[in-house]
$ cat query00.pdb   # PDB, C-alpha atoms
ATOM      1  CA  MET A 520     186.089  13.045  81.802
ATOM      2  CA  ALA A 521     185.878  16.767  82.590
ATOM      3  CA  ALA A 522     186.837  17.880  86.074
ATOM      4  CA  ARG A 523     183.943  18.965  88.239
ATOM      5  CA  SER A 524     183.818  22.726  88.752
ATOM      6  CA  LYS A 525     183.913  24.093  92.271
ATOM      7  CA  THR A 526     180.629  25.038  93.886
ATOM      8  CA  PRO A 527     179.803  27.412  96.758
ATOM      9  CA  ASP A 528     179.287  24.310  98.920
ATOM     10  CA  ASP A 529     182.900  23.267  98.253
ATOM     11  CA  ASP A 530     184.173  26.622  99.504
ATOM     12  CA  LYS A 531     181.890  26.453 102.534
ATOM     13  CA  ASN A 532     183.101  22.958 103.437
ATOM     14  CA  ARG A 533     186.715  24.012 103.033
ATOM     15  CA  ILE A 534     186.236  27.007 105.331
ATOM     16  CA  GLN A 535     184.513  24.807 107.912
ATOM     17  CA  THR A 536     187.442  22.370 107.776
ATOM     18  CA  TYR A 537     189.942  25.187 108.326
ATOM     19  CA  GLY A 538     187.850  26.399 111.246
ATOM     20  CA  LYS A 539     187.916  22.946 112.824
ATOM     21  CA  MET A 540     191.711  22.842 112.427
ATOM     22  CA  ILE A 541     191.980  26.146 114.276
ATOM     23  CA  ASP A 542     189.685  24.797 117.002
ATOM     24  CA  VAL A 543     191.958  21.771 117.425
ATOM     25  CA  LEU A 544     195.131  23.868 117.589
ATOM     26  CA  GLY A 545     193.415  26.208 120.055
ATOM     27  CA  CYS A 546     193.020  23.365 122.555
ATOM     28  CA  PHE A 547     196.723  23.572 123.407
ATOM     29  CA  SER A 548     198.227  26.098 125.805
ATOM     30  CA  THR A 549     201.132  26.479 128.202
ATOM     31  CA  VAL A 550     199.025  24.509 130.670
ATOM     32  CA  ASP A 551     197.705  21.864 128.256
ATOM     33  CA  ARG A 552     200.869  21.096 126.314
ATOM     34  CA  GLN A 553     200.108  17.413 125.793
ATOM     35  CA  LEU A 554     196.580  16.160 125.142
ATOM     36  CA  SER A 555     194.982  12.845 124.235
ATOM     37  CA  LEU A 556     192.598  12.378 121.333
ATOM     38  CA  ALA A 557     189.672  12.231 123.751
ATOM     39  CA  GLN A 558     190.714  15.443 125.526
ATOM     40  CA  ILE A 559     191.068  17.324 122.240
ATOM     41  CA  ALA A 560     187.704  16.088 120.976
ATOM     42  CA  GLU A 561     186.035  17.198 124.206
ATOM     43  CA  ALA A 562     187.736  20.613 124.260
ATOM     44  CA  ALA A 563     187.066  21.287 120.563
ATOM     45  CA  ARG A 564     183.546  19.821 120.790
ATOM     46  CA  LEU A 565     184.126  17.686 117.711
ATOM     47  CA  PRO A 566     183.641  13.953 117.001
ATOM     48  CA  ARG A 567     186.707  11.825 117.681
ATOM     49  CA  THR A 568     186.808  10.593 114.087
ATOM     50  CA  THR A 569     186.900  14.182 112.834
ATOM     51  CA  VAL A 570     189.614  15.160 115.319
ATOM     52  CA  HIS A 571     191.678  12.076 114.419
ATOM     53  CA  ARG A 572     191.526  12.998 110.727
ATOM     54  CA  ILE A 573     192.485  16.625 111.453
ATOM     55  CA  LEU A 574     195.373  15.608 113.721
ATOM     56  CA  ALA A 575     196.730  13.309 111.016
ATOM     57  CA  ALA A 576     196.696  16.163 108.496
ATOM     58  CA  LEU A 577     198.310  18.618 110.936
ATOM     59  CA  ARG A 578     200.955  16.070 111.859
ATOM     60  CA  GLU A 579     201.772  15.581 108.192
ATOM     61  CA  ILE A 580     202.706  19.268 107.795
ATOM     62  CA  GLY A 581     204.532  19.545 111.123
ATOM     63  CA  PHE A 582     201.930  21.543 113.034
ATOM     64  CA  ILE A 583     201.280  18.660 115.433
ATOM     65  CA  GLU A 584     203.609  16.063 116.965
ATOM     66  CA  GLN A 585     202.607  12.777 118.602
ATOM     67  CA  ASP A 586     204.380  11.211 121.553
ATOM     68  CA  SER A 587     205.547   7.762 120.475
ATOM     69  CA  ARG A 588     205.224   6.417 124.017
ATOM     70  CA  GLY A 589     201.909   7.699 125.347
ATOM     71  CA  GLY A 590     200.313   8.619 122.052
ATOM     72  CA  ASN A 591     199.391  12.128 123.235
ATOM     73  CA  TYR A 592     199.582  15.098 120.915
ATOM     74  CA  GLY A 593     201.412  18.424 121.178
ATOM     75  CA  LEU A 594     202.144  21.435 119.010
ATOM     76  CA  GLY A 595     204.842  20.860 116.400
ATOM     77  CA  ILE A 596     208.124  22.649 115.787
ATOM     78  CA  ARG A 597     206.813  24.078 112.511
ATOM     79  CA  LEU A 598     204.340  26.255 114.436
ATOM     80  CA  PHE A 599     207.173  27.490 116.663
ATOM     81  CA  GLU A 600     209.208  28.440 113.596
ATOM     82  CA  LEU A 601     206.280  30.282 112.037
ATOM     83  CA  GLY A 602     205.555  32.036 115.326
ATOM     84  CA  ASN A 603     209.110  33.313 115.607
ATOM     85  CA  LEU A 604     208.982  34.460 112.002
ATOM     86  CA  ALA A 605     205.723  36.320 112.640
ATOM     87  CA  LEU A 606     207.120  38.049 115.733
ATOM     88  CA  ALA A 607     210.293  39.040 113.915
ATOM     89  CA  ASN A 608     208.359  40.574 111.027
ATOM     90  CA  MET A 609     205.303  41.983 112.711
ATOM     91  CA  ASP A 610     204.771  45.723 112.527
ATOM     92  CA  LEU A 611     204.679  46.086 116.288
ATOM     93  CA  HIS A 612     208.212  44.797 116.798
ATOM     94  CA  ARG A 613     209.540  47.228 114.223
ATOM     95  CA  GLU A 614     207.313  50.245 114.802
ATOM     96  CA  ALA A 615     207.260  50.253 118.610
ATOM     97  CA  LYS A 616     211.019  50.255 119.110
ATOM     98  CA  PRO A 617     211.683  54.020 118.833
ATOM     99  CA  PHE A 618     208.698  54.789 121.082
ATOM    100  CA  ALA A 619     209.821  52.223 123.658
ATOM    101  CA  ASP A 620     213.337  53.636 123.600
ATOM    102  CA  ARG A 621     212.038  57.163 124.144
ATOM    103  CA  LEU A 622     209.825  56.034 127.031
ATOM    104  CA  ALA A 623     212.762  54.227 128.680
ATOM    105  CA  ARG A 624     214.818  57.409 128.569
ATOM    106  CA  LEU A 625     211.903  59.544 129.731
ATOM    107  CA  ALA A 626     210.952  57.303 132.660
ATOM    108  CA  GLY A 627     214.488  56.233 133.502
ATOM    109  CA  GLU A 628     213.336  52.618 133.764
ATOM    110  CA  ALA A 629     213.137  49.469 131.652
ATOM    111  CA  VAL A 630     210.343  49.253 129.078
ATOM    112  CA  HIS A 631     208.706  46.024 127.880
ATOM    113  CA  VAL A 632     206.472  45.549 124.832
ATOM    114  CA  GLY A 633     204.448  42.353 125.010
ATOM    115  CA  VAL A 634     202.050  40.532 122.671
ATOM    116  CA  PHE A 635     199.133  38.418 123.888
ATOM    117  CA  ASN A 636     199.186  34.842 122.529
ATOM    118  CA  GLY A 637     195.808  33.830 123.928
ATOM    119  CA  ASN A 638     197.055  32.819 127.345
ATOM    120  CA  ASP A 639     200.436  34.408 128.049
ATOM    121  CA  ILE A 640     202.333  37.569 127.258
ATOM    122  CA  VAL A 641     205.329  37.226 124.936
ATOM    123  CA  VAL A 642     207.899  40.016 125.247
ATOM    124  CA  VAL A 643     208.887  41.135 121.733
ATOM    125  CA  ASP A 644     210.919  44.209 122.672
ATOM    126  CA  ARG A 645     212.793  45.342 125.740
ATOM    127  CA  GLU A 646     214.538  48.688 126.175
ATOM    128  CA  GLU A 647     216.757  49.638 129.106
ATOM    129  CA  SER A 648     217.267  53.181 130.356
ATOM    130  CA  GLY A 649     220.752  54.402 129.517
ATOM    131  CA  ASP A 650     221.529  55.332 133.116
ATOM    132  CA  ARG A 651     220.188  52.104 134.634
ATOM    133  CA  PRO A 652     222.180  48.863 134.738
ATOM    134  CA  THR A 653     220.429  45.792 133.372
ATOM    135  CA  ASN A 654     218.790  43.726 136.105
ATOM    136  CA  ASN A 655     218.380  40.184 134.802
ATOM    137  CA  SER A 656     215.806  39.371 137.471
ATOM    138  CA  THR A 657     213.289  41.584 135.688
ATOM    139  CA  LEU A 658     213.946  40.196 132.199
ATOM    140  CA  ILE A 659     211.174  37.832 131.120
ATOM    141  CA  GLU A 660     210.407  36.201 127.781
ATOM    142  CA  THR A 661     206.908  34.971 128.574
ATOM    143  CA  ALA A 662     204.673  35.425 131.596
ATOM    144  CA  PRO A 663     201.049  34.745 132.555
ATOM    145  CA  ALA A 664     198.728  37.512 131.418
ATOM    146  CA  TYR A 665     196.601  37.678 134.588
ATOM    147  CA  CYS A 666     199.404  38.716 136.946
ATOM    148  CA  THR A 667     201.566  41.122 134.930
ATOM    149  CA  GLY A 668     200.995  44.744 133.974
ATOM    150  CA  VAL A 669     201.260  44.185 130.222
ATOM    151  CA  GLY A 670     199.057  41.111 130.514
ATOM    152  CA  LYS A 671     196.265  42.776 132.472
ATOM    153  CA  ALA A 672     196.348  45.803 130.154
ATOM    154  CA  VAL A 673     195.526  43.419 127.294
ATOM    155  CA  LEU A 674     193.114  41.131 129.160
ATOM    156  CA  ALA A 675     190.923  44.070 130.178
ATOM    157  CA  PHE A 676     189.833  44.445 126.543
ATOM    158  CA  GLN A 677     189.384  40.794 125.529
ATOM    159  CA  ASP A 678     186.163  38.883 124.929
ATOM    160  CA  ARG A 679     184.557  37.038 127.828
ATOM    161  CA  ASN A 680     185.399  33.618 126.365
ATOM    162  CA  VAL A 681     189.117  34.510 126.484
ATOM    163  CA  LEU A 682     188.869  35.417 130.168
ATOM    164  CA  THR A 683     186.890  32.243 130.876
ATOM    165  CA  LYS A 684     189.682  30.178 129.328
ATOM    166  CA  ILE A 685     192.341  32.005 131.368
ATOM    167  CA  VAL A 686     190.447  31.321 134.611
ATOM    168  CA  ARG A 687     189.761  27.704 133.654
ATOM    169  CA  ASN A 688     193.479  27.131 133.063
ATOM    170  CA  GLY A 689     194.094  28.237 136.630
ATOM    171  CA  LEU A 690     195.230  31.417 138.358
ATOM    172  CA  LYS A 691     198.455  30.196 139.924
ATOM    173  CA  ARG A 692     199.752  32.140 142.914
ATOM    174  CA  PHE A 693     203.274  33.503 142.402
ATOM    175  CA  THR A 694     203.359  35.950 145.329
ATOM    176  CA  ASN A 695     201.030  37.082 148.097
ATOM    177  CA  ASN A 696     199.865  39.847 145.731
ATOM    178  CA  THR A 697     198.820  37.542 142.875
ATOM    179  CA  ILE A 698     195.145  37.640 141.873
ATOM    180  CA  THR A 699     193.841  34.085 142.174
ATOM    181  CA  THR A 700     190.029  34.347 141.857
ATOM    182  CA  ALA A 701     187.775  35.148 138.907
ATOM    183  CA  THR A 702     185.872  37.758 140.928
ATOM    184  CA  ALA A 703     189.014  39.663 141.887
ATOM    185  CA  LEU A 704     190.303  39.481 138.313
ATOM    186  CA  ASP A 705     187.016  40.838 136.915
ATOM    187  CA  ARG A 706     187.149  43.698 139.392
ATOM    188  CA  GLU A 707     190.748  44.491 138.475
ATOM    189  CA  LEU A 708     190.078  44.439 134.719
ATOM    190  CA  ALA A 709     187.044  46.721 135.112
ATOM    191  CA  LYS A 710     189.251  49.230 136.938
ATOM    192  CA  ILE A 711     191.816  49.055 134.118
ATOM    193  CA  ARG A 712     189.146  49.776 131.511
ATOM    194  CA  ARG A 713     188.005  52.829 133.488
ATOM    195  CA  GLN A 714     191.432  54.363 134.056
ATOM    196  CA  GLY A 715     193.162  53.228 130.850
ATOM    197  CA  PHE A 716     196.240  51.627 132.442
ATOM    198  CA  ALA A 717     197.240  48.624 134.539
ATOM    199  CA  ILE A 718     199.497  48.300 137.567
ATOM    200  CA  ASP A 719     201.480  45.279 138.683
ATOM    201  CA  GLN A 720     202.671  45.654 142.257
ATOM    202  CA  GLY A 721     204.666  42.500 142.826
ATOM    203  CA  GLU A 722     202.046  40.093 141.480
ATOM    204  CA  HIS A 723     204.383  37.966 139.363
ATOM    205  CA  GLN A 724     207.742  38.842 140.917
ATOM    206  CA  ILE A 725     207.511  40.353 144.385
ATOM    207  CA  TRP A 726     210.345  42.841 143.863
ATOM    208  CA  VAL A 727     209.092  44.077 140.468
ATOM    209  CA  HIS A 728     206.455  46.766 139.852
ATOM    210  CA  CYS A 729     205.225  48.113 136.542
ATOM    211  CA  VAL A 730     202.705  50.409 134.882
ATOM    212  CA  ALA A 731     201.266  49.336 131.515
ATOM    213  CA  ALA A 732     198.841  50.521 128.836
ATOM    214  CA  PRO A 733     197.123  48.716 125.923
ATOM    215  CA  ILE A 734     198.201  48.908 122.275
ATOM    216  CA  ARG A 735     195.607  48.614 119.498
ATOM    217  CA  ASN A 736     195.981  47.526 115.886
ATOM    218  CA  ALA A 737     194.456  49.310 112.887
ATOM    219  CA  ASN A 738     191.084  47.652 113.592
ATOM    220  CA  GLY A 739     191.033  48.902 117.168
ATOM    221  CA  LYS A 740     191.648  45.481 118.747
ATOM    222  CA  VAL A 741     193.914  45.398 121.799
ATOM    223  CA  PHE A 742     196.579  42.787 121.047
ATOM    224  CA  ALA A 743     199.616  44.074 122.927
ATOM    225  CA  ALA A 744     200.744  46.429 125.682
ATOM    226  CA  ILE A 745     203.735  48.462 126.787
ATOM    227  CA  SER A 746     204.995  48.893 130.326
ATOM    228  CA  VAL A 747     207.502  50.768 132.440
ATOM    229  CA  THR A 748     209.103  48.199 134.744
ATOM    230  CA  GLY A 749     211.486  48.453 137.656
ATOM    231  CA  PRO A 750     212.266  47.528 141.252
ATOM    232  CA  ALA A 751     209.462  48.056 143.753
ATOM    233  CA  GLU A 752     211.367  50.792 145.587
ATOM    234  CA  ARG A 753     211.579  52.913 142.419
ATOM    235  CA  ILE A 754     208.107  52.280 140.952
ATOM    236  CA  SER A 755     206.360  53.712 143.999
ATOM    237  CA  LYS A 756     202.739  54.824 144.333
ATOM    238  CA  ASP A 757     203.867  58.445 144.181
ATOM    239  CA  ARG A 758     205.215  57.918 140.667
ATOM    240  CA  ILE A 759     202.101  56.172 139.290
ATOM    241  CA  PRO A 760     200.306  59.368 138.096
ATOM    242  CA  ILE A 761     203.323  60.531 136.083
ATOM    243  CA  LEU A 762     204.330  57.102 134.775
ATOM    244  CA  SER A 763     200.769  56.171 133.799
ATOM    245  CA  GLY A 764     200.465  59.337 131.730
ATOM    246  CA  GLN A 765     203.749  58.646 129.973
ATOM    247  CA  VAL A 766     202.864  55.011 129.295
ATOM    248  CA  MET A 767     199.346  55.776 127.999
ATOM    249  CA  GLN A 768     200.649  58.497 125.701
ATOM    250  CA  THR A 769     203.300  56.140 124.334
ATOM    251  CA  ALA A 770     200.786  53.312 123.832
ATOM    252  CA  ASP A 771     198.478  55.704 122.003
ATOM    253  CA  SER A 772     201.318  56.878 119.748
ATOM    254  CA  ILE A 773     202.241  53.302 118.864
ATOM    255  CA  SER A 774     198.595  52.433 118.171
ATOM    256  CA  ARG A 775     198.226  55.397 115.830
ATOM    257  CA  HIS A 776     201.490  54.516 114.120
ATOM    258  CA  LEU A 777     200.009  51.070 113.470
ATOM    259  CA  GLY A 778     196.976  52.655 111.827
ATOM    260  CA  TYR A 779     194.515  52.953 114.709
ATOM    261  CA  ARG A 780     192.187  55.961 114.612
ATOM    262  CA  ASP A 781     189.818  56.860 117.430
ATOM    263  CA  ASP A 782     186.690  58.298 115.794
ATOM    264  CA  GLU A 783     185.768  60.053 119.024
ATOM    265  CA  THR A 784     188.983  62.088 119.011
TER     266      THR A 784
END
$ encode --input "query00.pdb" --output "structure tokens"
Amino acid sequence: MAARSKTPDDDKNRIQTYGKMIDVLGCFSTVDRQLSLAQIAEAARLPRTTVHRILAALREIGFIEQDSRGGNYGLGIRLFELGNLALANMDLHREAKPFADRLARLAGEAVHVGVFNGNDIVVVDREESGDRPTNNSTLIETAPAYCTGVGKAVLAFQDRNVLTKIVRNGLKRFTNNTITTATALDRELAKIRRQGFAIDQGEHQIWVHCVAAPIRNANGKVFAAISVTGPAERISKDRIPILSGQVMQTADSISRHLGYRDDET
């Protein structure tokens, strides 16, 4: 019996299935690390039977793990391995390094390059100024996007549904300067869009200040940011005009190196 040839409907169904898998994986975050079948179905807006079938397939390939005690689901180690591989090979990690190093020497402060993962900022490169000793208190691997300079520089250019998710997950207070309401966050992000850079004045760590600017990919999408970071006594308000210019110029250079072209320029 001859095998049935593929039809356009087959391709459409396959794409829809892949989309549903992405929706299921997107239900997890640093806040929602473990979810039940019912919680996933509600968040993904899919029937439980469909979600159960998708979870079984994702578990088979290591993208999802299930707790043997409670039965809840979480992201699998295979996704972590692929994520690390992507970060290690992504153009940003490689291309931004010389620009970040130059900015660190120019500003005389530490420089962080961070990528937005949908909820948090993941630091993929860190450069220290040659004449500044390393201060481990300012070294972070991941941090919430809503209360860091690199995070806000990215969030200001995201779709509304991304911001809604961030707010729904909760705006935890880290210091007295942390933004904890949706209204205040909207106001802050609008200001960032107008001026082209973000400032963190002790919002995540009270003794740390930074100035950050967004980085765009070849399609013009803001997916990362770069910041000058240092102790509050050195990153003073008087230095903001100079540092912001240096950071924005560096971010623009990295964006163009990644293939971004501003048609208005």
$ closest_residue --input "query00.pdb" --among "A:Ser774, A:Gln720, A:Asn696, A:Gln553" --to "Ser755 in chain A" --atoms "all atoms listed in the file"
A:Gln720
$ closest_residue --input "query00.pdb" --among "A:Glu752, A:Glu707, A:Asp551, A:Asp644" --to "Asp620 in chain A" --atoms "all atoms listed in the file"
A:Asp644
$ closest_residue --input "query00.pdb" --among "A:Ala744, A:Val643, A:Ile596, A:Ala575" --to "Ala675 in chain A" --atoms "only C-alpha atoms"
A:Ala744
$ residues_around --input "query00.pdb" --residues "Ile734 in chain A" --least-positions-apart "4" --cutoff "10 Å" --atoms "all atoms listed in the file" --output "PDB file with C-alpha atoms, keeping the file's coordinate frame"
ATOM      1  CA  LEU A 611     204.679  46.086 116.288  1.00  0.00           C
ATOM      2  CA  ALA A 615     207.260  50.253 118.610  1.00  0.00           C
ATOM      3  CA  VAL A 632     206.472  45.549 124.832  1.00  0.00           C
ATOM      4  CA  GLY A 633     204.448  42.353 125.010  1.00  0.00           C
ATOM      5  CA  VAL A 634     202.050  40.532 122.671  1.00  0.00           C
ATOM      6  CA  VAL A 669     201.260  44.185 130.222  1.00  0.00           C
ATOM      7  CA  ALA A 672     196.348  45.803 130.154  1.00  0.00           C
ATOM      8  CA  VAL A 673     195.526  43.419 127.294  1.00  0.00           C
ATOM      9  CA  GLY A 739     191.033  48.902 117.168  1.00  0.00           C
ATOM     10  CA  LYS A 740     191.648  45.481 118.747  1.00  0.00           C
ATOM     11  CA  VAL A 741     193.914  45.398 121.799  1.00  0.00           C
ATOM     12  CA  PHE A 742     196.579  42.787 121.047  1.00  0.00           C
ATOM     13  CA  ALA A 743     199.616  44.074 122.927  1.00  0.00           C
ATOM     14  CA  ALA A 744     200.744  46.429 125.682  1.00  0.00           C
ATOM     15  CA  ILE A 745     203.735  48.462 126.787  1.00  0.00           C
ATOM     16  CA  MET A 767     199.346  55.776 127.999  1.00  0.00           C
ATOM     17  CA  THR A 769     203.300  56.140 124.334  1.00  0.00           C
ATOM     18  CA  ALA A 770     200.786  53.312 123.832  1.00  0.00           C
ATOM     19  CA  ASP A 771     198.478  55.704 122.003  1.00  0.00           C
ATOM     20  CA  SER A 772     201.318  56.878 119.748  1.00  0.00           C
ATOM     21  CA  ILE A 773     202.241  53.302 118.864  1.00  0.00           C
ATOM     22  CA  SER A 774     198.595  52.433 118.171  1.00  0.00           C
ATOM     23  CA  ARG A 775     198.226  55.397 115.830  1.00  0.00           C
ATOM     24  CA  LEU A 777     200.009  51.070 113.470  1.00  0.00           C
ATOM     25  CA  TYR A 779     194.515  52.953 114.709  1.00  0.00           C
TER      26      TYR A 779
END
$ residues_around --input "query00.pdb" --residues "range 677-688 of chain A" --least-positions-apart "6" --cutoff "10 Å" --atoms "all atoms listed in the file" --output "PyMOL selection string"
chain A and resi 548-551+637-639+663-665+671+699-701+704-705+708+740-742
$ write_last_selection --input "query00.pdb" --atoms "C-alpha atoms" --output "PDB file, keeping the file's coordinate frame"
ATOM      1  CA  SER A 548     198.227  26.098 125.805  1.00  0.00           C
ATOM      2  CA  THR A 549     201.132  26.479 128.202  1.00  0.00           C
ATOM      3  CA  VAL A 550     199.025  24.509 130.670  1.00  0.00           C
ATOM      4  CA  ASP A 551     197.705  21.864 128.256  1.00  0.00           C
ATOM      5  CA  GLY A 637     195.808  33.830 123.928  1.00  0.00           C
ATOM      6  CA  ASN A 638     197.055  32.819 127.345  1.00  0.00           C
ATOM      7  CA  ASP A 639     200.436  34.408 128.049  1.00  0.00           C
ATOM      8  CA  PRO A 663     201.049  34.745 132.555  1.00  0.00           C
ATOM      9  CA  ALA A 664     198.728  37.512 131.418  1.00  0.00           C
ATOM     10  CA  TYR A 665     196.601  37.678 134.588  1.00  0.00           C
ATOM     11  CA  LYS A 671     196.265  42.776 132.472  1.00  0.00           C
ATOM     12  CA  THR A 699     193.841  34.085 142.174  1.00  0.00           C
ATOM     13  CA  THR A 700     190.029  34.347 141.857  1.00  0.00           C
ATOM     14  CA  ALA A 701     187.775  35.148 138.907  1.00  0.00           C
ATOM     15  CA  LEU A 704     190.303  39.481 138.313  1.00  0.00           C
ATOM     16  CA  ASP A 705     187.016  40.838 136.915  1.00  0.00           C
ATOM     17  CA  LEU A 708     190.078  44.439 134.719  1.00  0.00           C
ATOM     18  CA  LYS A 740     191.648  45.481 118.747  1.00  0.00           C
ATOM     19  CA  VAL A 741     193.914  45.398 121.799  1.00  0.00           C
ATOM     20  CA  PHE A 742     196.579  42.787 121.047  1.00  0.00           C
TER      21      PHE A 742
END
$ closest_residue --input "query00.pdb" --among "A:Gln585, A:Gln535, A:Asn591, A:Thr748" --to "Leu762 in chain A" --atoms "all atoms listed in the file"
A:Thr748
$ resolve_selection --input "query00.pdb" --expression "the PyMOL selection byres ((chain A and resi 717) around 8)" --output "MDAnalysis selection string"
chainID A and resid 668:669 671:672 711 715:716 718:719 730:732
$ write_last_selection --input "query00.pdb" --atoms "C-alpha atoms" --output "mmCIF file, keeping the file's coordinate frame"
data_model
loop_
_atom_site.group_PDB
_atom_site.id
_atom_site.type_symbol
_atom_site.label_atom_id
_atom_site.label_comp_id
_atom_site.auth_asym_id
_atom_site.auth_seq_id
_atom_site.Cartn_x
_atom_site.Cartn_y
_atom_site.Cartn_z
ATOM 1 C CA GLY A 668 200.995 44.744 133.974
ATOM 2 C CA VAL A 669 201.260 44.185 130.222
ATOM 3 C CA LYS A 671 196.265 42.776 132.472
ATOM 4 C CA ALA A 672 196.348 45.803 130.154
ATOM 5 C CA ILE A 711 191.816 49.055 134.118
ATOM 6 C CA GLY A 715 193.162 53.228 130.850
ATOM 7 C CA PHE A 716 196.240 51.627 132.442
ATOM 8 C CA ILE A 718 199.497 48.300 137.567
ATOM 9 C CA ASP A 719 201.480 45.279 138.683
ATOM 10 C CA VAL A 730 202.705 50.409 134.882
ATOM 11 C CA ALA A 731 201.266 49.336 131.515
ATOM 12 C CA ALA A 732 198.841 50.521 128.836
#
$ closest_residue --input "query00.pdb" --among "A:Arg645, A:Gln558, A:Phe618, A:Glu722" --to "Val630 in chain A" --atoms "only C-alpha atoms"
A:Arg645
$ resolve_selection --input "query00.pdb" --expression "the PyMOL selection byres ((chain A and resi 628) around 9)" --output "MDAnalysis selection string"
chainID A and resid 622:627 629:630 646:651 747:749 753:754
$ residues_around --input "query00.pdb" --residues "Gly593 in chain A" --least-positions-apart "6" --cutoff "8 Å" --atoms "all atoms listed in the file" --output "PyMOL selection string"
chain A and resi 547+552-554+583-586
$ atom_distance --input "query00.pdb" --atom1 "CA of Lys531 in chain A" --atom2 "CA of Val570 in chain A"
18.7 Å
$ decode --input "query00.pdb" --residues "range 613-655 of chain A" --atoms "C-alpha atoms" --output "compact mmCIF listing (two decimals), in the first residue's frame"
# COMPACT_ATOMS: atom_id res chain seq x y z
CA ARG A 613 31.13 36.97 20.83
CA GLU A 614 30.57 40.30 19.10
CA ALA A 615 29.88 42.47 22.15
CA LYS A 616 33.03 41.57 24.07
CA PRO A 617 35.46 44.07 22.48
CA PHE A 618 32.88 46.87 22.77
CA ALA A 619 32.17 46.02 26.41
CA ASP A 620 35.89 45.95 27.16
CA ARG A 621 36.38 49.36 25.56
CA LEU A 622 33.44 50.83 27.49
CA ALA A 623 34.82 49.45 30.78
CA ARG A 624 38.14 51.17 30.14
CA LEU A 625 36.46 54.37 28.99
CA ALA A 626 34.07 54.62 31.94
CA GLY A 627 36.45 53.16 34.50
CA GLU A 628 33.67 50.91 35.81
CA ALA A 629 32.34 47.38 35.39
CA VAL A 630 30.27 46.65 32.28
CA HIS A 631 27.51 44.03 32.05
CA VAL A 632 25.88 42.65 28.90
CA GLY A 633 22.57 40.95 29.61
CA VAL A 634 20.03 39.00 27.54
CA PHE A 635 16.30 38.99 28.27
CA ASN A 636 14.85 35.48 28.73
CA GLY A 637 11.22 36.57 28.95
CA ASN A 638 11.23 37.33 32.64
CA ASP A 639 14.78 37.87 33.88
CA ILE A 640 18.07 39.24 32.64
CA VAL A 641 20.87 36.72 32.12
CA VAL A 642 24.37 38.21 32.19
CA VAL A 643 26.36 36.77 29.27
CA ASP A 644 29.43 39.00 29.51
CA ARG A 645 31.06 41.01 32.25
CA GLU A 646 34.10 43.25 31.86
CA GLU A 647 35.97 44.93 34.71
CA SER A 648 37.90 48.18 34.39
CA GLY A 649 41.63 47.53 34.59
CA ASP A 650 42.13 50.03 37.40
CA ARG A 651 39.17 48.85 39.49
CA PRO A 652 39.30 45.81 41.77
CA THR A 653 36.55 43.25 41.29
CA ASN A 654 33.68 43.73 43.73
CA ASN A 655 31.84 40.43 44.04
